[in-house]
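Listing of query.pdb; format and content: PDB, C-alpha atoms.
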```pdb
ATOM      1  CA  MET A   1       0.000   0.000   0.000
ATOM      2  CA  PHE A   2       2.805   2.394   0.854
ATOM      3  CA  ALA A   3       5.649   3.513  -1.360
ATOM      4  CA  HIS A   4       7.918   6.066   0.210
ATOM      5  CA  ALA A   5       9.361   9.207  -1.266
ATOM      6  CA  THR A   6      12.097  10.561   0.961
ATOM      7  CA  VAL A   7      14.011  13.842   0.691
ATOM      8  CA  ILE A   8      16.247  13.507   3.734
ATOM      9  CA  CYS A   9      19.850  14.609   3.533
ATOM     10  CA  GLY A  10      22.623  13.481   5.825
ATOM     11  CA  VAL A  11      24.872  10.557   6.674
ATOM     12  CA  TRP A  12      24.237   6.950   5.696
ATOM     13  CA  ASP A  13      22.816   4.816   8.484
ATOM     14  CA  LYS A  14      24.126   1.333   7.645
ATOM     15  CA  GLY A  15      22.033  -0.336  10.306
ATOM     16  CA  HIS A  16      18.708   0.952   9.020
ATOM     17  CA  ASP A  17      19.350   1.472   5.299
ATOM     18  CA  PHE A  18      18.446   5.134   5.034
ATOM     19  CA  TYR A  19      19.868   8.602   5.420
ATOM     20  CA  ILE A  20      19.555  10.576   8.619
ATOM     21  CA  SER A  21      21.284  13.802   9.438
ATOM     22  CA  PRO A  22      22.926  14.212  12.830
ATOM     23  CA  MET A  23      21.720  17.818  12.610
ATOM     24  CA  THR A  24      18.058  16.873  12.098
ATOM     25  CA  SER A  25      16.679  18.363  15.261
ATOM     26  CA  ILE A  26      13.250  19.864  14.603
ATOM     27  CA  ILE A  27      10.391  17.702  13.329
ATOM     28  CA  GLY A  28       6.924  18.765  12.226
ATOM     29  CA  LEU A  29       4.558  15.786  12.113
ATOM     30  CA  GLY A  30       1.141  15.903  10.495
ATOM     31  CA  GLU A  31      -0.705  17.552   7.660
ATOM     32  CA  VAL A  32       1.117  18.705   4.554
ATOM     33  CA  LEU A  33      -1.189  20.021   1.857
ATOM     34  CA  TRP A  34      -2.089  22.704  -0.628
ATOM     35  CA  ASP A  35      -3.931  25.801   0.537
ATOM     36  CA  MET A  36      -6.248  26.584  -2.386
ATOM     37  CA  PHE A  37      -7.049  30.294  -2.658
ATOM     38  CA  PRO A  38      -9.631  31.985  -4.891
ATOM     39  CA  GLY A  39      -8.394  32.447  -8.447
ATOM     40  CA  GLN A  40      -6.824  28.952  -8.622
ATOM     41  CA  LYS A  41      -3.776  30.038  -6.635
ATOM     42  CA  LYS A  42      -2.320  27.317  -4.425
ATOM     43  CA  VAL A  43       0.304  27.620  -1.687
ATOM     44  CA  LEU A  44       2.144  24.959   0.279
ATOM     45  CA  GLY A  45       0.324  24.599   3.583
ATOM     46  CA  GLY A  46      -0.103  22.581   6.715
ATOM     47  CA  ALA A  47       1.024  23.762  10.140
ATOM     48  CA  PRO A  48       3.795  21.130  10.578
ATOM     49  CA  ALA A  49       5.408  22.031   7.237
ATOM     50  CA  ASN A  50       5.213  25.759   7.999
ATOM     51  CA  PHE A  51       6.648  25.184  11.476
ATOM     52  CA  ALA A  52       9.585  23.130  10.177
ATOM     53  CA  TRP A  53      10.214  25.607   7.352
ATOM     54  CA  HIS A  54      10.567  28.601   9.663
ATOM     55  CA  ALA A  55      12.711  26.650  12.112
ATOM     56  CA  SER A  56      15.014  25.680   9.245
ATOM     57  CA  LYS A  57      15.324  29.331   8.186
ATOM     58  CA  LEU A  58      17.066  29.983  11.506
ATOM     59  CA  GLY A  59      19.698  27.393  10.714
ATOM     60  CA  PHE A  60      18.190  24.157  11.970
ATOM     61  CA  ASP A  61      17.738  20.978  10.013
ATOM     62  CA  GLY A  62      13.953  20.982  10.084
ATOM     63  CA  CYS A  63      12.072  17.967   8.789
ATOM     64  CA  VAL A  64       8.405  17.407   7.979
ATOM     65  CA  VAL A  65       6.911  13.917   8.368
ATOM     66  CA  SER A  66       3.668  13.373   6.453
ATOM     67  CA  ALA A  67       2.113  11.736   3.384
ATOM     68  CA  VAL A  68       0.969  12.723  -0.112
ATOM     69  CA  GLY A  69      -1.012  10.947  -2.802
ATOM     70  CA  LYS A  70       0.082   9.338  -6.058
ATOM     71  CA  ASP A  71      -1.101  12.346  -8.010
ATOM     72  CA  LYS A  72       0.090  15.537  -9.640
ATOM     73  CA  LEU A  73      -0.569  17.598  -6.498
ATOM     74  CA  GLY A  74       1.637  15.223  -4.540
ATOM     75  CA  GLU A  75       4.459  15.472  -7.073
ATOM     76  CA  GLU A  76       4.220  19.272  -7.066
ATOM     77  CA  LEU A  77       4.234  19.375  -3.272
ATOM     78  CA  LEU A  78       7.390  17.264  -3.030
ATOM     79  CA  ASP A  79       9.002  19.483  -5.656
ATOM     80  CA  VAL A  80       8.254  22.622  -3.633
ATOM     81  CA  LEU A  81       9.691  21.059  -0.468
ATOM     82  CA  ALA A  82      12.851  20.126  -2.367
ATOM     83  CA  LYS A  83      13.227  23.628  -3.794
ATOM     84  CA  ARG A  84      12.879  25.060  -0.298
ATOM     85  CA  LYS A  85      15.556  22.593   0.820
ATOM     86  CA  LEU A  86      13.211  21.551   3.598
ATOM     87  CA  HIS A  87      14.024  17.998   4.568
ATOM     88  CA  SER A  88      11.075  15.680   4.519
ATOM     89  CA  PHE A  89      10.056  12.128   5.115
ATOM     90  CA  ILE A  90       6.898  11.833   3.076
ATOM     91  CA  GLU A  91       5.153   8.580   2.270
ATOM     92  CA  THR A  92       3.253   8.239  -1.007
ATOM     93  CA  VAL A  93      -0.078   6.551  -0.274
ATOM     94  CA  GLU A  94      -3.271   5.415  -1.993
ATOM     95  CA  TYR A  95      -5.213   8.528  -0.994
ATOM     96  CA  PRO A  96      -5.386  11.976  -2.630
ATOM     97  CA  THR A  97      -2.992  14.706  -1.613
ATOM     98  CA  GLY A  98      -4.581  16.979   0.974
ATOM     99  CA  THR A  99      -6.134  20.306   0.027
ATOM    100  CA  VAL A 100      -7.785  23.116   1.950
ATOM    101  CA  GLN A 101     -10.117  25.667   0.413
ATOM    102  CA  VAL A 102      -9.126  29.036   1.892
ATOM    103  CA  THR A 103     -11.231  32.192   1.814
ATOM    104  CA  LEU A 104     -10.287  35.513   3.397
ATOM    105  CA  ASP A 105     -12.712  37.847   5.134
ATOM    106  CA  GLY A 106     -12.581  41.641   5.004
ATOM    107  CA  LYS A 107      -9.753  41.705   7.575
ATOM    108  CA  SER A 108      -7.689  39.099   5.668
ATOM    109  CA  VAL A 109      -8.481  36.485   8.317
ATOM    110  CA  PRO A 110      -8.722  33.022   6.724
ATOM    111  CA  GLN A 111     -11.600  30.565   6.820
ATOM    112  CA  TYR A 112     -10.798  26.936   6.026
ATOM    113  CA  GLU A 113     -12.645  24.029   4.449
ATOM    114  CA  ILE A 114     -10.460  20.984   5.048
ATOM    115  CA  CYS A 115     -10.935  17.893   2.884
ATOM    116  CA  GLU A 116     -11.196  14.511   4.634
ATOM    117  CA  ASN A 117      -9.889  11.005   3.826
ATOM    118  CA  VAL A 118      -6.678  12.349   2.308
ATOM    119  CA  ALA A 119      -3.047  11.285   2.325
ATOM    120  CA  TRP A 120      -1.998  12.922   5.606
ATOM    121  CA  ASP A 121      -4.793  11.063   7.380
ATOM    122  CA  ASN A 122      -2.714   7.962   6.618
ATOM    123  CA  ILE A 123       0.794   8.688   7.876
ATOM    124  CA  ALA A 124       2.414   5.304   8.407
ATOM    125  CA  LEU A 125       4.390   4.310  11.471
ATOM    126  CA  THR A 126       7.746   3.290   9.997
ATOM    127  CA  LYS A 127      11.219   2.531  11.286
ATOM    128  CA  ARG A 128      12.489   5.609   9.499
ATOM    129  CA  ALA A 129       9.995   7.863  11.282
ATOM    130  CA  GLU A 130      10.842   6.220  14.598
ATOM    131  CA  GLU A 131      14.552   6.867  14.056
ATOM    132  CA  LEU A 132      13.876  10.525  13.313
ATOM    133  CA  ALA A 133      11.835  10.925  16.491
ATOM    134  CA  MET A 134      14.575   9.305  18.571
ATOM    135  CA  ASN A 135      17.135  11.837  17.301
ATOM    136  CA  CYS A 136      15.256  15.137  17.479
ATOM    137  CA  LYS A 137      15.518  18.150  19.753
ATOM    138  CA  ALA A 138      11.984  19.406  19.094
ATOM    139  CA  PHE A 139       8.865  17.545  17.976
ATOM    140  CA  TYR A 140       5.802  19.444  16.788
ATOM    141  CA  PHE A 141       2.339  17.877  16.523
ATOM    142  CA  GLY A 142      -1.275  19.052  16.552
ATOM    143  CA  THR A 143      -4.894  18.074  16.849
ATOM    144  CA  LEU A 144      -5.646  18.023  13.145
ATOM    145  CA  ALA A 145      -3.586  14.991  12.115
ATOM    146  CA  GLN A 146      -5.026  13.061  15.050
ATOM    147  CA  ARG A 147      -8.504  13.127  13.502
ATOM    148  CA  SER A 148      -7.809   9.758  11.819
ATOM    149  CA  GLU A 149      -6.815   6.507  13.530
ATOM    150  CA  VAL A 150      -3.763   5.807  11.346
ATOM    151  CA  SER A 151      -2.087   9.192  11.849
ATOM    152  CA  ARG A 152      -3.190   9.308  15.498
ATOM    153  CA  ILE A 153      -1.448   5.992  16.235
ATOM    154  CA  THR A 154       1.701   7.219  14.482
ATOM    155  CA  THR A 155       1.668  10.491  16.415
ATOM    156  CA  ARG A 156       1.335   8.780  19.778
ATOM    157  CA  ARG A 157       4.018   6.184  19.112
ATOM    158  CA  LEU A 158       6.524   8.786  17.933
ATOM    159  CA  LEU A 159       5.820  10.931  20.997
ATOM    160  CA  GLU A 160       6.925   8.001  23.131
ATOM    161  CA  LEU A 161      10.274   7.921  21.317
ATOM    162  CA  VAL A 162      11.151  11.619  21.524
ATOM    163  CA  PRO A 163      14.135  12.136  23.873
ATOM    164  CA  LYS A 164      13.262  13.271  27.384
ATOM    165  CA  ASP A 165      15.264  16.485  27.001
ATOM    166  CA  ALA A 166      13.632  17.444  23.680
ATOM    167  CA  TYR A 167      10.765  19.910  23.345
ATOM    168  CA  ARG A 168       7.326  18.494  22.552
ATOM    169  CA  ILE A 169       5.223  21.274  21.028
ATOM    170  CA  PHE A 170       1.457  20.839  20.806
ATOM    171  CA  ASP A 171      -0.494  23.087  18.434
ATOM    172  CA  LEU A 172      -4.111  23.329  19.577
ATOM    173  CA  ASN A 173      -5.235  23.832  15.994
ATOM    174  CA  LEU A 174      -9.022  23.660  16.300
ATOM    175  CA  ARG A 175     -10.466  23.405  12.797
ATOM    176  CA  GLN A 176     -14.086  22.586  11.940
ATOM    177  CA  HIS A 177     -15.122  19.513  13.969
ATOM    178  CA  PHE A 178     -11.727  17.780  13.830
ATOM    179  CA  TYR A 179     -10.964  17.665  17.542
ATOM    180  CA  SER A 180     -12.259  16.211  20.793
ATOM    181  CA  LYS A 181     -11.754  16.654  24.517
ATOM    182  CA  GLU A 182      -9.946  13.303  24.681
ATOM    183  CA  ILE A 183      -7.448  14.253  21.958
ATOM    184  CA  ILE A 184      -6.785  17.654  23.526
ATOM    185  CA  HIS A 185      -6.363  16.147  27.005
ATOM    186  CA  PHE A 186      -3.975  13.439  25.776
ATOM    187  CA  SER A 187      -1.934  15.971  23.810
ATOM    188  CA  LEU A 188      -1.635  18.340  26.771
ATOM    189  CA  GLN A 189      -0.458  15.454  28.918
ATOM    190  CA  ASN A 190       2.264  14.640  26.396
ATOM    191  CA  CYS A 191       3.708  18.036  25.515
ATOM    192  CA  ASP A 192       6.062  20.586  27.071
ATOM    193  CA  MET A 193       4.836  23.597  25.100
ATOM    194  CA  LEU A 194       1.364  24.624  24.022
ATOM    195  CA  LYS A 195       0.570  26.943  21.105
ATOM    196  CA  ILE A 196      -2.932  28.427  21.288
ATOM    197  CA  ASN A 197      -4.737  31.495  19.943
ATOM    198  CA  ASP A 198      -7.386  33.617  21.624
ATOM    199  CA  GLU A 199     -10.311  31.876  19.894
ATOM    200  CA  GLU A 200      -8.924  28.494  20.906
ATOM    201  CA  VAL A 201      -8.548  29.681  24.496
ATOM    202  CA  ALA A 202     -12.284  30.369  24.600
ATOM    203  CA  GLU A 203     -13.137  26.995  23.042
ATOM    204  CA  THR A 204     -10.811  25.183  25.442
ATOM    205  CA  ALA A 205     -12.483  26.882  28.387
ATOM    206  CA  ARG A 206     -15.847  25.669  27.092
ATOM    207  CA  ILE A 207     -14.661  22.106  26.534
ATOM    208  CA  PHE A 208     -13.015  21.807  29.952
ATOM    209  CA  GLU A 209     -15.716  23.800  31.753
ATOM    210  CA  LEU A 210     -13.333  26.397  33.164
ATOM    211  CA  GLY A 211     -16.073  28.883  33.970
ATOM    212  CA  LYS A 212     -15.534  32.613  33.702
ATOM    213  CA  MET A 213     -11.750  32.682  33.836
ATOM    214  CA  SER A 214      -9.988  35.383  31.809
ATOM    215  CA  GLU A 215      -7.755  34.419  28.877
ATOM    216  CA  ILE A 216      -4.661  34.937  31.026
ATOM    217  CA  GLU A 217      -6.099  32.849  33.841
ATOM    218  CA  ILE A 218      -6.965  30.038  31.420
ATOM    219  CA  CYS A 219      -3.449  29.978  29.952
ATOM    220  CA  ARG A 220      -1.888  29.952  33.409
ATOM    221  CA  HIS A 221      -4.298  27.234  34.494
ATOM    222  CA  LEU A 222      -3.250  25.029  31.563
ATOM    223  CA  LEU A 223       0.418  25.736  32.304
ATOM    224  CA  LYS A 224       0.032  24.551  35.883
ATOM    225  CA  ALA A 225      -2.557  21.779  35.446
ATOM    226  CA  TYR A 226      -0.519  19.991  32.775
ATOM    227  CA  ASN A 227       2.921  20.867  34.155
ATOM    228  CA  LEU A 228       3.913  22.643  30.932
ATOM    229  CA  LYS A 229       7.109  24.608  30.414
ATOM    230  CA  ILE A 230       5.574  27.242  28.143
ATOM    231  CA  VAL A 231       2.208  28.380  26.807
ATOM    232  CA  MET A 232       2.230  30.610  23.698
ATOM    233  CA  GLU A 233      -0.940  32.600  23.082
ATOM    234  CA  THR A 234      -1.316  34.633  19.897
ATOM    235  CA  LYS A 235      -4.077  37.233  19.656
ATOM    236  CA  GLY A 236      -3.745  38.598  16.147
ATOM    237  CA  ALA A 237      -3.565  42.385  16.105
ATOM    238  CA  ALA A 238      -3.978  42.434  19.917
ATOM    239  CA  GLY A 239      -0.502  41.040  20.530
ATOM    240  CA  SER A 240       0.840  37.821  21.992
ATOM    241  CA  TYR A 241       1.778  36.282  25.326
ATOM    242  CA  ILE A 242       4.378  33.772  26.430
ATOM    243  CA  PHE A 243       3.642  32.175  29.791
ATOM    244  CA  ALA A 244       6.281  30.206  31.694
ATOM    245  CA  ASN A 245       6.679  29.268  35.313
ATOM    246  CA  GLY A 246       7.577  32.507  37.061
ATOM    247  CA  GLU A 247       7.771  34.559  33.865
ATOM    248  CA  THR A 248       5.315  36.223  31.477
ATOM    249  CA  SER A 249       6.142  38.094  28.284
ATOM    250  CA  TYR A 250       3.705  40.268  26.349
ATOM    251  CA  LEU A 251       4.513  41.972  23.056
ATOM    252  CA  GLU A 252       2.360  44.090  20.795
ATOM    253  CA  THR A 253       1.837  43.014  17.204
ATOM    254  CA  PRO A 254       3.835  45.183  14.766
ATOM    255  CA  LYS A 255       1.663  47.372  12.588
ATOM    256  CA  VAL A 256       1.958  46.102   9.013
ATOM    257  CA  GLN A 257      -0.213  46.100   5.915
ATOM    258  CA  VAL A 258      -1.754  42.646   6.244
ATOM    259  CA  VAL A 259      -1.973  40.587   3.049
ATOM    260  CA  SER A 260      -2.994  37.348   4.753
ATOM    261  CA  THR A 261      -2.637  35.823   8.215
ATOM    262  CA  VAL A 262      -2.421  32.261   6.819
ATOM    263  CA  GLY A 263       0.606  30.542   8.379
ATOM    264  CA  ALA A 264       1.388  33.388  10.782
ATOM    265  CA  GLY A 265       0.875  31.284  13.889
ATOM    266  CA  ASP A 266       3.063  28.469  12.535
ATOM    267  CA  SER A 267       5.867  30.905  11.726
ATOM    268  CA  PHE A 268       5.544  32.326  15.251
ATOM    269  CA  THR A 269       5.933  28.893  16.821
ATOM    270  CA  GLY A 270       8.764  27.717  14.575
ATOM    271  CA  SER A 271      10.783  30.889  15.088
ATOM    272  CA  PHE A 272      10.171  30.882  18.850
ATOM    273  CA  VAL A 273      11.253  27.263  19.356
ATOM    274  CA  ALA A 274      14.295  27.613  17.093
ATOM    275  CA  SER A 275      15.350  30.755  18.962
ATOM    276  CA  LEU A 276      15.179  28.944  22.302
ATOM    277  CA  LEU A 277      17.324  26.139  20.895
ATOM    278  CA  LEU A 278      19.831  28.763  19.747
ATOM    279  CA  GLY A 279      20.197  29.851  23.370
ATOM    280  CA  LYS A 280      17.985  32.941  23.319
ATOM    281  CA  ASN A 281      16.088  33.793  26.472
ATOM    282  CA  LEU A 282      12.305  33.748  26.562
ATOM    283  CA  ARG A 283      11.895  37.468  25.784
ATOM    284  CA  GLN A 284      14.383  37.376  22.911
ATOM    285  CA  ALA A 285      12.734  34.302  21.410
ATOM    286  CA  HIS A 286       9.338  35.983  21.738
ATOM    287  CA  GLN A 287      10.610  39.071  19.943
ATOM    288  CA  LYS A 288      11.935  36.999  17.050
ATOM    289  CA  ALA A 289       8.644  35.122  16.770
ATOM    290  CA  VAL A 290       6.682  38.373  16.620
ATOM    291  CA  GLU A 291       8.953  39.837  13.951
ATOM    292  CA  VAL A 292       8.775  36.770  11.701
ATOM    293  CA  SER A 293       5.004  36.344  11.981
ATOM    294  CA  ALA A 294       4.514  40.020  11.099
ATOM    295  CA  GLN A 295       6.654  39.546   7.989
ATOM    296  CA  VAL A 296       4.494  36.570   6.985
ATOM    297  CA  CYS A 297       1.300  38.595   7.390
ATOM    298  CA  ALA A 298       2.718  41.422   5.289
ATOM    299  CA  SER A 299       4.171  39.270   2.516
ATOM    300  CA  ASN A 300       1.992  36.143   2.506
ATOM    301  CA  ILE A 301       5.226  34.111   2.373
ATOM    302  CA  LYS A 302       4.598  31.306   4.803
TER     303      LYS A 302
END
```
Let's see the structure in the file written out as structure tokens.
Amino acid sequence: MFAHATVICGVWDKGHDFYISPMTSIIGLGEVLWDMFPGQKKVLGGAPANFAWHASKLGFDGCVVSAVGKDKLGEELLDVLAKRKLHSFIETVEYPTGTVQVTLDGKSVPQYEICENVAWDNIALTKRAEELAMNCKAFYFGTLAQRSEVSRITTRRLLELVPKDAYRIFDLNLRQHFYSKEIIHFSLQNCDMLKINDEEVAETARIFELGKMSEIEICRHLLKAYNLKIVMETKGAAGSYIFANGETSYLETPKVQVVSTVGAGDSFTGSFVASLLLGKNLRQAHQKAVEVSAQVCASNIK
């Protein structure tokens, strides 16, 4: 059923018959797809791919783990990843390559219609993926790819293999009906960092019956209740927060001419995590994340 297409660079691993780079340190696992905009324009999308791409731009060997179909869209997607020199471990499967219909409202805020039963719903658990997880410094995953049993099993097994000293970043990416309390709870129990936006804070409070807590109180509650290292909350034009034990950072959003906010949150997370791994302190990493996400909003380059 599976035939793999791999674009991983590095040293030859004689014991496992594939290439793995000793510098591969940041992994984005989950959906890789085409964002389809009005006018037949399509852009490489998927939070894990965007996350890994922005981490790699700061000098890390980022890698996206996902799946595409045996179709033209899949071939084009792999070609774009190769041109970006973004390392990838992408299986080719008997399902269509994922697409998302994107429309923008009057404030350039995107609305998504995500297709189901696509390639990234069927990310296989392989020895190659396991080896990558065992050798990473940061592992990014979200709710969306856990909507299907196959990708959910892969996500949970790879989380078990991530080194204890590596970051596990959970993106609470609440899209349409593709999430549940059980998936969110499990993911919070198995991450070190949480990425959430203001709308998702409100939905999380509803799901977990947190009453009339403020946004800040909810974020701090999640930080403490799940013993997290960091909670990142983005609020669009209203700024962003980083919550850590004993430290809180707030920064305003730079004023730019917004083209599109698609991918802004992913660029924020990728830049923030990469900055921490480069030895930046929390405030410095936050500042870098804000700068990069603003550039994405102004240029629509994810």
Self-check item: Hits from the PyMOL selection byres ((chain A and resi 113) around 10), listed as a PyMOL selection string
Solution: chain A and resi 35-36+99-103+111-112+114-116+175-176
Using C-alpha atoms, can you write the selected residues to a file as a tab-separated table (two decimals), in the coordinates of the input?
```
chain	number	residue	atom	x	y	z
A	35	ASP	CA	-3.93	25.80	0.54
A	36	MET	CA	-6.25	26.58	-2.39
A	99	THR	CA	-6.13	20.31	0.03
A	100	VAL	CA	-7.78	23.12	1.95
A	101	GLN	CA	-10.12	25.67	0.41
A	102	VAL	CA	-9.13	29.04	1.89
A	103	THR	CA	-11.23	32.19	1.81
A	111	GLN	CA	-11.60	30.56	6.82
A	112	TYR	CA	-10.80	26.94	6.03
A	114	ILE	CA	-10.46	20.98	5.05
A	115	CYS	CA	-10.94	17.89	2.88
A	116	GLU	CA	-11.20	14.51	4.63
A	175	ARG	CA	-10.47	23.40	12.80
A	176	GLN	CA	-14.09	22.59	11.94
```
Exercise. For the structure shown, which residues end up in the PyMOL selection byres ((chain A and resi 137) around 10)? Put them as a VMD selection string, please?
Key: chain A and resid 23 to 27 133 to 136 138 to 139 162 to 168 274 277
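A search radius of 8 Å centred on (5.4, 38.6, 19.8), applied to only C-alpha atoms, returns the residues Thr234, Gly239, Ser240, Tyr241, Tyr250, Leu251, Glu252, Thr253, Phe268, His286, Gln287, Lys288, Ala289, Val290 and Glu291 of chain A.
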Quiz prompt | Answer key for the PyMOL selection byres ((chain A and resi 52-61) around 9), residues as a ChimeraX atom specification | solution = /A:21-28,47-51,62-64,84-87,140,266-275,278,292,302
Practice problem: Just give me the gap between CA of Ile169 in chain A and CA of Gln189 in chain A in Å, one decimal is fine. | Solution: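 Calculated distance between CA of Ile169 in chain A and CA of Gln189 in chain A is 11.3 Å.
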List the spatial neighbours of Lys72 in chain A as a PDB file with C-alpha atoms, in the frame of the given file - criterion: any atom at most 12 Å away, all atoms listed in the file, same-chain residues fewer than 3 positions off excluded.
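Full text of part25.pdb as output:
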```pdb
ATOM      1  CA  TRP A  34      -2.089  22.704  -0.628  1.00  0.00           C
ATOM      2  CA  VAL A  68       0.969  12.723  -0.112  1.00  0.00           C
ATOM      3  CA  GLY A  69      -1.012  10.947  -2.802  1.00  0.00           C
ATOM      4  CA  GLU A  75       4.459  15.472  -7.073  1.00  0.00           C
ATOM      5  CA  GLU A  76       4.220  19.272  -7.066  1.00  0.00           C
ATOM      6  CA  LEU A  77       4.234  19.375  -3.272  1.00  0.00           C
ATOM      7  CA  LEU A  78       7.390  17.264  -3.030  1.00  0.00           C
ATOM      8  CA  ASP A  79       9.002  19.483  -5.656  1.00  0.00           C
ATOM      9  CA  THR A  92       3.253   8.239  -1.007  1.00  0.00           C
ATOM     10  CA  PRO A  96      -5.386  11.976  -2.630  1.00  0.00           C
ATOM     11  CA  THR A  97      -2.992  14.706  -1.613  1.00  0.00           C
ATOM     12  CA  GLY A  98      -4.581  16.979   0.974  1.00  0.00           C
TER      13      GLY A  98
END
```
Self-check item: Residue nearest Leu174 in chain A among A:Lys235, A:Lys195, A:Arg128, A:His221 (counting only C-alpha atoms)
Solution: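 Counting only C-alpha atoms, the residue closest to Leu174 in chain A is A:Lys195.
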Quiz item: A:Asn190, A:Ser214, A:Gln146, A:Ser299: which is nearest Tyr226 in chain A, counting all atoms listed in the file?
Solution: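 The shortest atom-to-atom distance to Tyr226 in chain A comes from A:Asn190.
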Quiz prompt | Separation of CA of Ile184 in chain A from CA of Asn197 in chain A in Å | solution = 14.4 Å
Exercise. Figure out the distance between CA of Thr143 in chain A and CA of Ile90 in chain A, please, to one decimal in Å.
Key: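 So the two atoms, CA of Ile90 in chain A and CA of Thr143 in chain A, lie 19.2 Å apart.
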Quiz item: Got a sec: who's within 10 Å of Gln257 in chain A, counting all atoms listed in the file, leaving out chain neighbours fewer than 5 positions off, as a VMD selection string?
Solution: chain A and resid 294 to 295 297 to 299
Missing atoms in range 72-89 of chain A should be modelled up to N, CA and C atoms and reported as a PDB file, in the frame of the given file.
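For reference, part_29.pdb as written:
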```
ATOM      1  N   LYS A  72      -0.692  14.380  -9.231  1.00  0.00           N
ATOM      2  CA  LYS A  72       0.090  15.537  -9.640  1.00  0.00           C
ATOM      3  C   LYS A  72       0.316  16.505  -8.484  1.00  0.00           C
ATOM      4  N   LEU A  73      -0.718  16.700  -7.642  1.00  0.00           N
ATOM      5  CA  LEU A  73      -0.569  17.598  -6.498  1.00  0.00           C
ATOM      6  C   LEU A  73       0.515  17.100  -5.553  1.00  0.00           C
ATOM      7  N   GLY A  74       0.600  15.785  -5.387  1.00  0.00           N
ATOM      8  CA  GLY A  74       1.637  15.223  -4.540  1.00  0.00           C
ATOM      9  C   GLY A  74       3.023  15.449  -5.107  1.00  0.00           C
ATOM     10  N   GLU A  75       3.172  15.244  -6.411  1.00  0.00           N
ATOM     11  CA  GLU A  75       4.459  15.472  -7.073  1.00  0.00           C
ATOM     12  C   GLU A  75       4.875  16.939  -6.949  1.00  0.00           C
ATOM     13  N   GLU A  76       3.922  17.847  -7.157  1.00  0.00           N
ATOM     14  CA  GLU A  76       4.220  19.272  -7.066  1.00  0.00           C
ATOM     15  C   GLU A  76       4.605  19.663  -5.646  1.00  0.00           C
ATOM     16  N   LEU A  77       3.941  19.061  -4.661  1.00  0.00           N
ATOM     17  CA  LEU A  77       4.234  19.375  -3.272  1.00  0.00           C
ATOM     18  C   LEU A  77       5.652  18.945  -2.903  1.00  0.00           C
ATOM     19  N   LEU A  78       6.030  17.734  -3.300  1.00  0.00           N
ATOM     20  CA  LEU A  78       7.390  17.264  -3.030  1.00  0.00           C
ATOM     21  C   LEU A  78       8.421  18.138  -3.724  1.00  0.00           C
ATOM     22  N   ASP A  79       8.090  18.613  -4.909  1.00  0.00           N
ATOM     23  CA  ASP A  79       9.002  19.483  -5.656  1.00  0.00           C
ATOM     24  C   ASP A  79       9.212  20.810  -4.920  1.00  0.00           C
ATOM     25  N   VAL A  80       8.137  21.362  -4.376  1.00  0.00           N
ATOM     26  CA  VAL A  80       8.254  22.622  -3.633  1.00  0.00           C
ATOM     27  C   VAL A  80       9.107  22.432  -2.379  1.00  0.00           C
ATOM     28  N   LEU A  81       8.891  21.339  -1.663  1.00  0.00           N
ATOM     29  CA  LEU A  81       9.691  21.059  -0.468  1.00  0.00           C
ATOM     30  C   LEU A  81      11.174  20.959  -0.825  1.00  0.00           C
ATOM     31  N   ALA A  82      11.464  20.281  -1.943  1.00  0.00           N
ATOM     32  CA  ALA A  82      12.851  20.126  -2.367  1.00  0.00           C
ATOM     33  C   ALA A  82      13.469  21.469  -2.733  1.00  0.00           C
ATOM     34  N   LYS A  83      12.713  22.311  -3.415  1.00  0.00           N
ATOM     35  CA  LYS A  83      13.227  23.628  -3.794  1.00  0.00           C
ATOM     36  C   LYS A  83      13.474  24.506  -2.571  1.00  0.00           C
ATOM     37  N   ARG A  84      12.667  24.319  -1.548  1.00  0.00           N
ATOM     38  CA  ARG A  84      12.879  25.060  -0.298  1.00  0.00           C
ATOM     39  C   ARG A  84      14.012  24.459   0.536  1.00  0.00           C
ATOM     40  N   LYS A  85      14.522  23.327   0.093  1.00  0.00           N
ATOM     41  CA  LYS A  85      15.556  22.593   0.820  1.00  0.00           C
ATOM     42  C   LYS A  85      15.089  22.246   2.228  1.00  0.00           C
ATOM     43  N   LEU A  86      13.782  22.001   2.331  1.00  0.00           N
ATOM     44  CA  LEU A  86      13.211  21.551   3.598  1.00  0.00           C
ATOM     45  C   LEU A  86      13.222  20.029   3.595  1.00  0.00           C
ATOM     46  N   HIS A  87      13.940  19.446   4.509  1.00  0.00           N
ATOM     47  CA  HIS A  87      14.024  17.998   4.568  1.00  0.00           C
ATOM     48  C   HIS A  87      12.647  17.425   4.882  1.00  0.00           C
ATOM     49  N   SER A  88      12.386  16.268   4.304  1.00  0.00           N
ATOM     50  CA  SER A  88      11.075  15.680   4.519  1.00  0.00           C
ATOM     51  C   SER A  88      11.153  14.168   4.488  1.00  0.00           C
ATOM     52  N   PHE A  89      10.273  13.562   5.232  1.00  0.00           N
ATOM     53  CA  PHE A  89      10.056  12.128   5.115  1.00  0.00           C
ATOM     54  C   PHE A  89       8.580  11.961   4.812  1.00  0.00           C
TER      55      PHE A  89
END
```
